[in-house]
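Here the structure is laid out as structure tokens; the discussion comes afterwards.
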Amino acid sequence: MLPTDNHVHSRWSWDTAASSSMELACARAVELGLPGLAFTEHVDFTGWHTDDAGSHRGHTVGSRPHVQPFDVDGYSADLARCREVFPQLRILSGIEAGEPHLFSNGVAEVLRSGDFDRVLGSLHAIEHNGELQFVDAALFSQLDPNDLIRRYFQELLTLVESSSVFGVLAHCDYARRYWPASAGDYREDEFEEAYRAVFRALASSGRALEINTRSPLASVELVHWWWQAGGDAVSFGSDAHDPYSVGNRFAVAVDIVEAAGFRPGRDRFDFWRR
Ligand SMILES: [Zn+2]
Ligand SMILES: [Zn+2]
């Protein structure tokens, strides 16, 4: 049986098409036989709020021309409607908080303004040249790929250690999505200690690690590092930005997580557990 998809975007996310409705995502989840899904919309900001932890670092928020504020009221009304239309699904509310350790006050304000079941913590950006910059192919072209990945994990460790607003760490190696072909294969074992440090910090705070099926799939060995770190919970997330990607590659992801030592949780809506 497939698990709940705990990481889905709909048109309420600033980077997701207006045609990606919640209804279509729910219909896809029903079609696949998923027990539920969580709409975890992007919460990102184009500048610091007063006293945001990031504002004390002495760098600015780089250009983010497409980022829009999250419309909590519109989102919440749409979600309530979907719960009525799809009683067979458990539909969770949520956000994907970008750099929650830096935008600490901005994220707290959003969390106060609604009712959210799932809060994902994500690192999409690191500091470069005095600015917070999204990690993408352009940033990889300016930095040594290995250095960039090491800086990414360093910042991710700080994120896990200094923010407690999220319950699931999303796509722990997000930066690898942009690893350049010219640098050869991305090798998880090159960064083993960095992964393990993040996993130890996350496990000691009792939170869940996400297996993100939009990213290159984690190896069994990588998920087993999470198990060895004492990690208790694994969350499955497609990171779908269109309805047809809901639950994408979940059958393979389940096999990987099971081979690494985890089992279905208390009920079919739960995280997988050690
Ligand atoms: Zn993300
Ligand atoms: Zn996402």
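A note on labels: chains of the structure tokens are A, B, ... as shown, every chain counts residues from 1, and ligands are counted from 1 in their shown order.
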
Counting only C-alpha atoms and all ligand atoms, name the residues that have an atom within 10 Å of an atom of ligand 2; the answer should be given as JSON, numbers by chain. {"A": [6, 7, 8, 9, 13, 15, 39, 40, 41, 42, 43, 95, 96, 97, 98, 120, 121, 122, 124, 170, 171, 212, 214, 237, 238, 239, 240, 241]}

Next, dump the selected residues to file, keeping only N, CA and C atoms, as a PDB file, in the first residue's frame.
```pdb
ATOM      1  N   ASN A   6       3.050  13.662   1.376  1.00  0.00           N
ATOM      2  CA  ASN A   6       3.131  14.791   2.313  1.00  0.00           C
ATOM      3  C   ASN A   6       3.751  16.062   1.732  1.00  0.00           C
ATOM      4  N   HIS A   7       3.871  16.139   0.404  1.00  0.00           N
ATOM      5  CA  HIS A   7       4.521  17.313  -0.199  1.00  0.00           C
ATOM      6  C   HIS A   7       3.942  17.536  -1.597  1.00  0.00           C
ATOM      7  N   VAL A   8       2.867  18.314  -1.648  1.00  0.00           N
ATOM      8  CA  VAL A   8       2.210  18.615  -2.928  1.00  0.00           C
ATOM      9  C   VAL A   8       1.983  20.121  -3.016  1.00  0.00           C
ATOM     10  N   HIS A   9       2.262  20.687  -4.199  1.00  0.00           N
ATOM     11  CA  HIS A   9       1.990  22.107  -4.455  1.00  0.00           C
ATOM     12  C   HIS A   9       0.767  22.218  -5.359  1.00  0.00           C
ATOM     13  N   SER A  13       0.810  27.996  -4.719  1.00  0.00           N
ATOM     14  CA  SER A  13       2.252  28.229  -4.628  1.00  0.00           C
ATOM     15  C   SER A  13       2.684  29.160  -5.756  1.00  0.00           C
ATOM     16  N   ASP A  15       5.198  29.301  -7.606  1.00  0.00           N
ATOM     17  CA  ASP A  15       5.879  28.745  -8.789  1.00  0.00           C
ATOM     18  C   ASP A  15       5.033  27.681  -9.500  1.00  0.00           C
ATOM     19  N   PHE A  39      -1.189  19.562   1.102  1.00  0.00           N
ATOM     20  CA  PHE A  39      -0.876  20.706   0.244  1.00  0.00           C
ATOM     21  C   PHE A  39       0.084  21.622   1.001  1.00  0.00           C
ATOM     22  N   THR A  40       1.358  21.508   0.648  1.00  0.00           N
ATOM     23  CA  THR A  40       2.423  22.243   1.347  1.00  0.00           C
ATOM     24  C   THR A  40       2.916  23.351   0.426  1.00  0.00           C
ATOM     25  N   GLU A  41       2.237  24.485   0.500  1.00  0.00           N
ATOM     26  CA  GLU A  41       2.548  25.568  -0.438  1.00  0.00           C
ATOM     27  C   GLU A  41       3.794  26.341  -0.003  1.00  0.00           C
ATOM     28  N   HIS A  42       4.469  26.889  -1.003  1.00  0.00           N
ATOM     29  CA  HIS A  42       5.705  27.630  -0.729  1.00  0.00           C
ATOM     30  C   HIS A  42       5.440  28.874   0.121  1.00  0.00           C
ATOM     31  N   VAL A  43       6.255  29.043   1.150  1.00  0.00           N
ATOM     32  CA  VAL A  43       6.289  30.300   1.900  1.00  0.00           C
ATOM     33  C   VAL A  43       7.709  30.836   1.788  1.00  0.00           C
ATOM     34  N   ILE A  95       2.574  24.022   4.836  1.00  0.00           N
ATOM     35  CA  ILE A  95       3.427  24.961   4.092  1.00  0.00           C
ATOM     36  C   ILE A  95       4.796  24.324   3.901  1.00  0.00           C
ATOM     37  N   GLU A  96       5.504  24.805   2.898  1.00  0.00           N
ATOM     38  CA  GLU A  96       6.925  24.494   2.747  1.00  0.00           C
ATOM     39  C   GLU A  96       7.663  25.798   3.028  1.00  0.00           C
ATOM     40  N   ALA A  97       8.244  25.879   4.222  1.00  0.00           N
ATOM     41  CA  ALA A  97       8.910  27.110   4.648  1.00  0.00           C
ATOM     42  C   ALA A  97      10.344  27.118   4.114  1.00  0.00           C
ATOM     43  N   GLY A  98      10.639  28.087   3.259  1.00  0.00           N
ATOM     44  CA  GLY A  98      11.989  28.231   2.714  1.00  0.00           C
ATOM     45  C   GLY A  98      12.869  28.986   3.689  1.00  0.00           C
ATOM     46  N   LEU A 120       6.904  21.779   6.386  1.00  0.00           N
ATOM     47  CA  LEU A 120       8.166  21.294   5.841  1.00  0.00           C
ATOM     48  C   LEU A 120       9.212  22.394   5.981  1.00  0.00           C
ATOM     49  N   GLY A 121      10.420  22.000   6.330  1.00  0.00           N
ATOM     50  CA  GLY A 121      11.539  22.944   6.358  1.00  0.00           C
ATOM     51  C   GLY A 121      12.428  22.684   5.155  1.00  0.00           C
ATOM     52  N   SER A 122      12.755  23.752   4.424  1.00  0.00           N
ATOM     53  CA  SER A 122      13.510  23.599   3.178  1.00  0.00           C
ATOM     54  C   SER A 122      14.626  24.612   3.083  1.00  0.00           C
ATOM     55  N   HIS A 124      16.496  26.271   0.036  1.00  0.00           N
ATOM     56  CA  HIS A 124      16.585  26.459  -1.419  1.00  0.00           C
ATOM     57  C   HIS A 124      17.662  27.473  -1.775  1.00  0.00           C
ATOM     58  N   ALA A 170      12.518  18.676   4.295  1.00  0.00           N
ATOM     59  CA  ALA A 170      12.260  18.340   2.886  1.00  0.00           C
ATOM     60  C   ALA A 170      13.582  18.197   2.125  1.00  0.00           C
ATOM     61  N   HIS A 171      13.552  17.406   1.065  1.00  0.00           N
ATOM     62  CA  HIS A 171      14.681  17.235   0.114  1.00  0.00           C
ATOM     63  C   HIS A 171      16.038  17.671   0.680  1.00  0.00           C
ATOM     64  N   ASN A 212      12.177  12.594  -1.087  1.00  0.00           N
ATOM     65  CA  ASN A 212      11.595  13.455  -2.111  1.00  0.00           C
ATOM     66  C   ASN A 212      11.756  12.771  -3.466  1.00  0.00           C
ATOM     67  N   ARG A 214      10.905  13.916  -6.392  1.00  0.00           N
ATOM     68  CA  ARG A 214      11.195  14.804  -7.523  1.00  0.00           C
ATOM     69  C   ARG A 214      12.710  14.931  -7.696  1.00  0.00           C
ATOM     70  N   GLY A 237       7.318  12.384  -0.127  1.00  0.00           N
ATOM     71  CA  GLY A 237       6.835  13.597  -0.782  1.00  0.00           C
ATOM     72  C   GLY A 237       7.173  13.614  -2.256  1.00  0.00           C
ATOM     73  N   SER A 238       6.153  13.822  -3.087  1.00  0.00           N
ATOM     74  CA  SER A 238       6.412  13.880  -4.533  1.00  0.00           C
ATOM     75  C   SER A 238       6.922  15.248  -4.963  1.00  0.00           C
ATOM     76  N   ASP A 239       6.652  16.276  -4.136  1.00  0.00           N
ATOM     77  CA  ASP A 239       6.997  17.648  -4.526  1.00  0.00           C
ATOM     78  C   ASP A 239       6.334  17.996  -5.862  1.00  0.00           C
ATOM     79  N   ALA A 240       5.135  17.464  -6.068  1.00  0.00           N
ATOM     80  CA  ALA A 240       4.421  17.697  -7.325  1.00  0.00           C
ATOM     81  C   ALA A 240       4.094  19.174  -7.497  1.00  0.00           C
ATOM     82  N   HIS A 241       4.361  19.698  -8.691  1.00  0.00           N
ATOM     83  CA  HIS A 241       3.936  21.050  -9.048  1.00  0.00           C
ATOM     84  C   HIS A 241       2.880  20.987 -10.155  1.00  0.00           C
TER      85      HIS A 241
END
```

So that I can see what lies close to Arg196 in chain A, please list as an mmCIF file with C-alpha atoms, in the first residue's frame the residues with an atom at most 9 Å from it, counting only C-alpha atoms and leaving out residues fewer than 3 positions away in the same chain.
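Saved result, result09.cif, follows:
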```
data_model
loop_
_atom_site.group_PDB
_atom_site.id
_atom_site.type_symbol
_atom_site.label_atom_id
_atom_site.label_comp_id
_atom_site.auth_asym_id
_atom_site.auth_seq_id
_atom_site.Cartn_x
_atom_site.Cartn_y
_atom_site.Cartn_z
ATOM 1 C CA PHE A 191 29.407 13.943 1.404
ATOM 2 C CA GLU A 192 28.678 11.140 3.859
ATOM 3 C CA GLU A 193 29.833 13.025 6.958
ATOM 4 C CA PHE A 199 20.692 13.431 10.197
ATOM 5 C CA ARG A 200 22.015 13.314 13.782
ATOM 6 C CA ALA A 201 20.709 16.812 14.476
ATOM 7 C CA TRP A 225 22.396 6.542 7.363
ATOM 8 C CA TRP A 226 19.178 8.158 8.631
ATOM 9 C CA GLN A 228 21.762 4.674 11.928
ATOM 10 C CA ALA A 229 21.491 8.278 13.139
#
```

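Using only C-alpha atoms and all ligand atoms, the nearest neighbour of ligand 1 within the list A:Leu159, A:Ile256, A:Val246, A:Leu123 is A:Leu123.
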
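These are the residues of range 97-207 of chain A assigned strand (DSSP E or B) by DSSP from backbone coordinates: A:Ala97, A:Gly98, A:Arg118, A:Val119, A:Leu120, A:Gly121, A:Ser122, A:Ala125, A:Ile126, A:Glu127, A:His128, A:Glu131, A:Leu132, A:Gln133, A:Phe134, A:Val168, A:Leu169.
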
Pull the helix (DSSP H, G or I) assignments for range 122-251 of chain A out of DSSP run on the backbone, and list those residues as a short mmCIF file (atom, residue, chain, number, x, y, z; two decimals) with N, CA, C and O atoms, in the first residue's frame.
```
data_model
loop_
_atom_site.label_atom_id
_atom_site.label_comp_id
_atom_site.auth_asym_id
_atom_site.auth_seq_id
_atom_site.Cartn_x
_atom_site.Cartn_y
_atom_site.Cartn_z
N ALA A 137 21.32 26.23 -11.47
CA ALA A 137 22.43 26.01 -12.40
C ALA A 137 23.34 27.24 -12.47
O ALA A 137 24.56 27.12 -12.60
N ALA A 138 22.75 28.42 -12.37
CA ALA A 138 23.55 29.65 -12.45
C ALA A 138 24.52 29.75 -11.28
O ALA A 138 25.68 30.14 -11.44
N LEU A 139 24.07 29.37 -10.09
CA LEU A 139 24.96 29.42 -8.93
C LEU A 139 26.05 28.36 -9.06
O LEU A 139 27.22 28.61 -8.72
N PHE A 140 25.69 27.17 -9.56
CA PHE A 140 26.71 26.13 -9.77
C PHE A 140 27.78 26.60 -10.77
O PHE A 140 28.93 26.20 -10.68
N PRO A 145 31.57 22.91 -7.71
CA PRO A 145 30.40 22.12 -7.30
C PRO A 145 30.55 21.48 -5.92
O PRO A 145 29.59 21.48 -5.14
N ASN A 146 31.73 20.96 -5.61
CA ASN A 146 31.93 20.33 -4.30
C ASN A 146 31.82 21.37 -3.18
O ASN A 146 31.24 21.09 -2.13
N ASP A 147 32.38 22.56 -3.41
CA ASP A 147 32.29 23.63 -2.41
C ASP A 147 30.83 24.03 -2.20
O ASP A 147 30.39 24.25 -1.07
N LEU A 148 30.11 24.13 -3.30
CA LEU A 148 28.71 24.54 -3.18
C LEU A 148 27.92 23.54 -2.33
O LEU A 148 27.18 23.92 -1.43
N ILE A 149 28.13 22.24 -2.62
CA ILE A 149 27.40 21.21 -1.87
C ILE A 149 27.80 21.27 -0.39
O ILE A 149 26.94 21.16 0.50
N ARG A 150 29.10 21.45 -0.11
CA ARG A 150 29.53 21.52 1.30
C ARG A 150 28.91 22.73 2.00
O ARG A 150 28.48 22.64 3.16
N ARG A 151 28.86 23.85 1.32
CA ARG A 151 28.24 25.05 1.92
C ARG A 151 26.75 24.82 2.12
O ARG A 151 26.17 25.29 3.10
N TYR A 152 26.14 24.11 1.18
CA TYR A 152 24.71 23.79 1.31
C TYR A 152 24.46 22.99 2.59
O TYR A 152 23.58 23.32 3.39
N PHE A 153 25.25 21.93 2.79
CA PHE A 153 25.04 21.09 3.98
C PHE A 153 25.37 21.83 5.27
O PHE A 153 24.73 21.61 6.30
N GLN A 154 26.37 22.70 5.22
CA GLN A 154 26.70 23.51 6.40
C GLN A 154 25.50 24.37 6.81
O GLN A 154 25.13 24.44 7.98
N GLU A 155 24.91 25.00 5.82
CA GLU A 155 23.75 25.86 6.09
C GLU A 155 22.54 25.03 6.51
O GLU A 155 21.76 25.44 7.37
N LEU A 156 22.40 23.84 5.90
CA LEU A 156 21.28 22.96 6.26
C LEU A 156 21.39 22.52 7.72
O LEU A 156 20.38 22.45 8.43
N LEU A 157 22.61 22.25 8.15
CA LEU A 157 22.82 21.86 9.56
C LEU A 157 22.39 23.02 10.48
O LEU A 157 21.71 22.81 11.49
N THR A 158 22.77 24.23 10.11
CA THR A 158 22.36 25.40 10.89
C THR A 158 20.85 25.54 10.91
O THR A 158 20.24 25.84 11.95
N LEU A 159 20.23 25.29 9.76
CA LEU A 159 18.76 25.36 9.67
C LEU A 159 18.12 24.38 10.66
O LEU A 159 17.22 24.75 11.42
N VAL A 160 18.60 23.13 10.64
CA VAL A 160 18.00 22.10 11.52
C VAL A 160 18.24 22.45 13.00
O VAL A 160 17.34 22.30 13.83
N GLU A 161 19.45 22.94 13.28
CA GLU A 161 19.79 23.23 14.68
C GLU A 161 19.11 24.47 15.22
O GLU A 161 18.92 24.60 16.42
N SER A 162 18.76 25.42 14.34
CA SER A 162 18.30 26.70 14.87
C SER A 162 16.84 27.02 14.58
O SER A 162 16.34 28.06 15.00
N TYR A 174 18.68 18.95 -1.76
CA TYR A 174 18.06 19.71 -2.86
C TYR A 174 19.08 20.16 -3.91
O TYR A 174 18.83 20.11 -5.11
N ALA A 175 20.26 20.60 -3.45
CA ALA A 175 21.26 21.17 -4.37
C ALA A 175 21.69 20.17 -5.44
O ALA A 175 22.08 20.56 -6.55
N ARG A 176 21.59 18.87 -5.13
CA ARG A 176 22.07 17.89 -6.11
C ARG A 176 21.23 17.91 -7.38
O ARG A 176 21.66 17.41 -8.42
N ARG A 177 20.02 18.47 -7.31
CA ARG A 177 19.20 18.56 -8.53
C ARG A 177 19.92 19.33 -9.63
O ARG A 177 19.64 19.15 -10.81
N TYR A 178 20.82 20.22 -9.22
CA TYR A 178 21.48 21.11 -10.19
C TYR A 178 22.95 20.74 -10.39
O TYR A 178 23.71 21.49 -11.02
N ALA A 181 26.55 18.06 -15.08
CA ALA A 181 27.02 16.83 -15.72
C ALA A 181 28.53 16.87 -15.90
O ALA A 181 29.21 15.84 -15.82
N SER A 182 29.07 18.08 -16.12
CA SER A 182 30.51 18.22 -16.36
C SER A 182 31.35 17.82 -15.16
O SER A 182 32.55 17.56 -15.28
N ALA A 183 30.73 17.74 -13.97
CA ALA A 183 31.48 17.37 -12.75
C ALA A 183 31.43 15.87 -12.49
O ALA A 183 31.87 15.40 -11.44
N GLU A 188 26.91 10.38 -3.31
CA GLU A 188 26.47 10.60 -1.93
C GLU A 188 27.61 10.35 -0.95
O GLU A 188 27.77 11.07 0.04
N ASP A 189 28.44 9.33 -1.22
CA ASP A 189 29.49 8.98 -0.24
C ASP A 189 30.57 10.04 -0.11
O ASP A 189 31.27 10.11 0.89
N GLU A 190 30.70 10.92 -1.12
CA GLU A 190 31.64 12.04 -1.01
C GLU A 190 31.24 12.99 0.11
O GLU A 190 32.06 13.73 0.65
N PHE A 191 29.94 12.99 0.42
CA PHE A 191 29.41 13.94 1.40
C PHE A 191 28.81 13.22 2.61
O PHE A 191 27.97 13.77 3.32
N GLU A 192 29.28 11.99 2.82
CA GLU A 192 28.68 11.14 3.86
C GLU A 192 28.66 11.82 5.23
O GLU A 192 27.64 11.83 5.92
N GLU A 193 29.78 12.41 5.63
CA GLU A 193 29.83 13.02 6.96
C GLU A 193 28.88 14.20 7.08
O GLU A 193 28.30 14.44 8.13
N ALA A 194 28.73 14.95 5.99
CA ALA A 194 27.81 16.09 6.01
C ALA A 194 26.36 15.63 6.14
O ALA A 194 25.58 16.20 6.92
N TYR A 195 26.01 14.58 5.40
CA TYR A 195 24.66 14.01 5.54
C TYR A 195 24.45 13.53 6.98
O TYR A 195 23.43 13.80 7.60
N ARG A 196 25.44 12.79 7.49
CA ARG A 196 25.27 12.19 8.82
C ARG A 196 25.12 13.26 9.91
O ARG A 196 24.36 13.09 10.86
N ALA A 197 25.83 14.36 9.78
CA ALA A 197 25.73 15.44 10.77
C ALA A 197 24.32 16.04 10.78
O ALA A 197 23.73 16.28 11.85
N VAL A 198 23.77 16.25 9.58
CA VAL A 198 22.41 16.77 9.48
C VAL A 198 21.42 15.76 10.06
O VAL A 198 20.51 16.11 10.82
N PHE A 199 21.62 14.47 9.73
CA PHE A 199 20.69 13.43 10.20
C PHE A 199 20.73 13.31 11.73
O PHE A 199 19.69 13.12 12.36
N ARG A 200 21.91 13.39 12.31
CA ARG A 200 22.01 13.31 13.78
C ARG A 200 21.24 14.46 14.43
O ARG A 200 20.49 14.25 15.40
N ALA A 201 21.40 15.65 13.90
CA ALA A 201 20.71 16.81 14.48
C ALA A 201 19.19 16.68 14.32
O ALA A 201 18.43 16.99 15.24
N LEU A 202 18.77 16.18 13.17
CA LEU A 202 17.33 16.04 12.92
C LEU A 202 16.73 14.94 13.80
O LEU A 202 15.66 15.11 14.38
N ALA A 203 17.46 13.82 13.92
CA ALA A 203 16.96 12.70 14.72
C ALA A 203 16.87 13.08 16.19
O ALA A 203 15.92 12.71 16.88
N SER A 204 17.85 13.83 16.67
CA SER A 204 17.86 14.16 18.10
C SER A 204 16.74 15.11 18.46
O SER A 204 16.36 15.23 19.62
N VAL A 220 19.42 3.28 -0.95
CA VAL A 220 19.12 2.57 0.29
C VAL A 220 20.15 2.93 1.35
O VAL A 220 19.82 3.15 2.53
N GLU A 221 21.41 3.01 0.93
CA GLU A 221 22.49 3.32 1.87
C GLU A 221 22.28 4.68 2.53
O GLU A 221 22.46 4.83 3.75
N LEU A 222 21.88 5.66 1.75
CA LEU A 222 21.64 7.00 2.29
C LEU A 222 20.51 6.98 3.33
O LEU A 222 20.63 7.56 4.41
N VAL A 223 19.43 6.28 3.01
CA VAL A 223 18.31 6.22 3.96
C VAL A 223 18.73 5.44 5.20
O VAL A 223 18.29 5.73 6.32
N HIS A 224 19.63 4.47 4.99
CA HIS A 224 20.11 3.71 6.15
C HIS A 224 21.00 4.59 7.06
O HIS A 224 21.05 4.35 8.27
N TRP A 225 21.66 5.58 6.50
CA TRP A 225 22.40 6.54 7.36
C TRP A 225 21.43 7.24 8.31
O TRP A 225 21.75 7.53 9.45
N TRP A 226 20.23 7.54 7.80
CA TRP A 226 19.18 8.16 8.63
C TRP A 226 18.77 7.18 9.75
O TRP A 226 18.63 7.55 10.90
N TRP A 227 18.62 5.93 9.39
CA TRP A 227 18.28 4.89 10.37
C TRP A 227 19.37 4.81 11.44
O TRP A 227 19.09 4.78 12.64
N GLN A 228 20.63 4.78 11.00
CA GLN A 228 21.76 4.67 11.93
C GLN A 228 21.88 5.90 12.83
O GLN A 228 22.37 5.81 13.95
N PRO A 243 -0.74 18.23 -11.14
CA PRO A 243 -1.54 17.14 -10.56
C PRO A 243 -1.03 15.75 -10.93
O PRO A 243 -1.19 14.81 -10.17
N TYR A 244 -0.45 15.63 -12.12
CA TYR A 244 -0.08 14.30 -12.60
C TYR A 244 1.19 13.78 -11.94
O TYR A 244 1.54 12.61 -12.09
N SER A 245 1.88 14.61 -11.17
CA SER A 245 3.08 14.16 -10.48
C SER A 245 2.82 13.75 -9.03
O SER A 245 3.73 13.32 -8.33
N PHE A 250 6.37 6.59 -6.10
CA PHE A 250 6.23 6.16 -4.70
C PHE A 250 6.50 4.67 -4.52
O PHE A 250 7.00 4.26 -3.48
N ALA A 251 6.16 3.84 -5.52
CA ALA A 251 6.39 2.40 -5.36
C ALA A 251 7.88 2.12 -5.18
O ALA A 251 8.27 1.32 -4.31
#
```

Spatial neighbours of Ala27 in chain A, max dist 12 Å, only C-alpha atoms, sep filter under 6 positions, as a list in words: Ser20, Ser21, Gly33, Leu34, Pro35, Gly36, Leu37, Cys82, Arg83, Val85, Phe86, Pro87, Gln88, Leu89, Ile91, Pro243, Tyr244, Ser245, Val246 and Gly247 of chain A

So that I can see what lies close to Leu111 in chain A, please list as a count of residues only the residues with an atom at most 12 Å from it, counting only C-alpha atoms and leaving out residues fewer than 5 positions away in the same chain. 19

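Of note, CA of Glu210 in chain A and CA of Gly231 in chain A are spaced 11.1 Å apart.
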
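Atom pair CA of Glu131 in chain A / CA of Phe103 in chain A: separated by 14.0 Å.
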
Might you pull out every residue within 9 Å of Trp48 in chain A, with only C-alpha atoms counted and same-chain residues fewer than 4 positions away left off, and present them as a ChimeraX atom specification? /A:52-55,60-61,102-103,105-106

Keeping N, CA and C atoms, export the residues of the selection given above as a PDB file, in the first residue's frame.
```
ATOM      1  N   ASP A  52      13.896  39.358  11.757  1.00  0.00           N
ATOM      2  CA  ASP A  52      14.149  38.018  11.220  1.00  0.00           C
ATOM      3  C   ASP A  52      15.584  37.635  11.584  1.00  0.00           C
ATOM      4  N   ALA A  53      15.792  36.360  11.940  1.00  0.00           N
ATOM      5  CA  ALA A  53      17.148  35.940  12.292  1.00  0.00           C
ATOM      6  C   ALA A  53      18.130  36.240  11.152  1.00  0.00           C
ATOM      7  N   GLY A  54      17.670  36.086   9.916  1.00  0.00           N
ATOM      8  CA  GLY A  54      18.545  36.337   8.768  1.00  0.00           C
ATOM      9  C   GLY A  54      18.969  37.787   8.629  1.00  0.00           C
ATOM     10  N   SER A  55      18.152  38.691   9.170  1.00  0.00           N
ATOM     11  CA  SER A  55      18.465  40.120   9.022  1.00  0.00           C
ATOM     12  C   SER A  55      19.698  40.508   9.813  1.00  0.00           C
ATOM     13  N   THR A  60      21.892  40.611   2.268  1.00  0.00           N
ATOM     14  CA  THR A  60      20.559  40.947   1.792  1.00  0.00           C
ATOM     15  C   THR A  60      19.915  39.717   1.151  1.00  0.00           C
ATOM     16  N   VAL A  61      18.601  39.817   0.897  1.00  0.00           N
ATOM     17  CA  VAL A  61      17.907  38.769   0.158  1.00  0.00           C
ATOM     18  C   VAL A  61      18.057  39.109  -1.322  1.00  0.00           C
ATOM     19  N   LEU A 102      16.149  31.600   8.761  1.00  0.00           N
ATOM     20  CA  LEU A 102      16.493  32.984   8.422  1.00  0.00           C
ATOM     21  C   LEU A 102      15.256  33.881   8.426  1.00  0.00           C
ATOM     22  N   PHE A 103      14.163  33.392   7.777  1.00  0.00           N
ATOM     23  CA  PHE A 103      12.922  34.177   7.726  1.00  0.00           C
ATOM     24  C   PHE A 103      12.057  33.821   8.931  1.00  0.00           C
ATOM     25  N   ASN A 105      10.688  35.344  11.559  1.00  0.00           N
ATOM     26  CA  ASN A 105       9.467  36.089  11.896  1.00  0.00           C
ATOM     27  C   ASN A 105       8.427  36.031  10.783  1.00  0.00           C
ATOM     28  N   GLY A 106       8.884  36.072   9.550  1.00  0.00           N
ATOM     29  CA  GLY A 106       7.966  35.972   8.426  1.00  0.00           C
ATOM     30  C   GLY A 106       7.212  34.647   8.450  1.00  0.00           C
TER      31      GLY A 106
END
```

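Proximity of A:Leu2, A:Val67, A:Met22, A:Ala17 to Leu79 in chain A, computed with only C-alpha atoms, is greatest for A:Met22.
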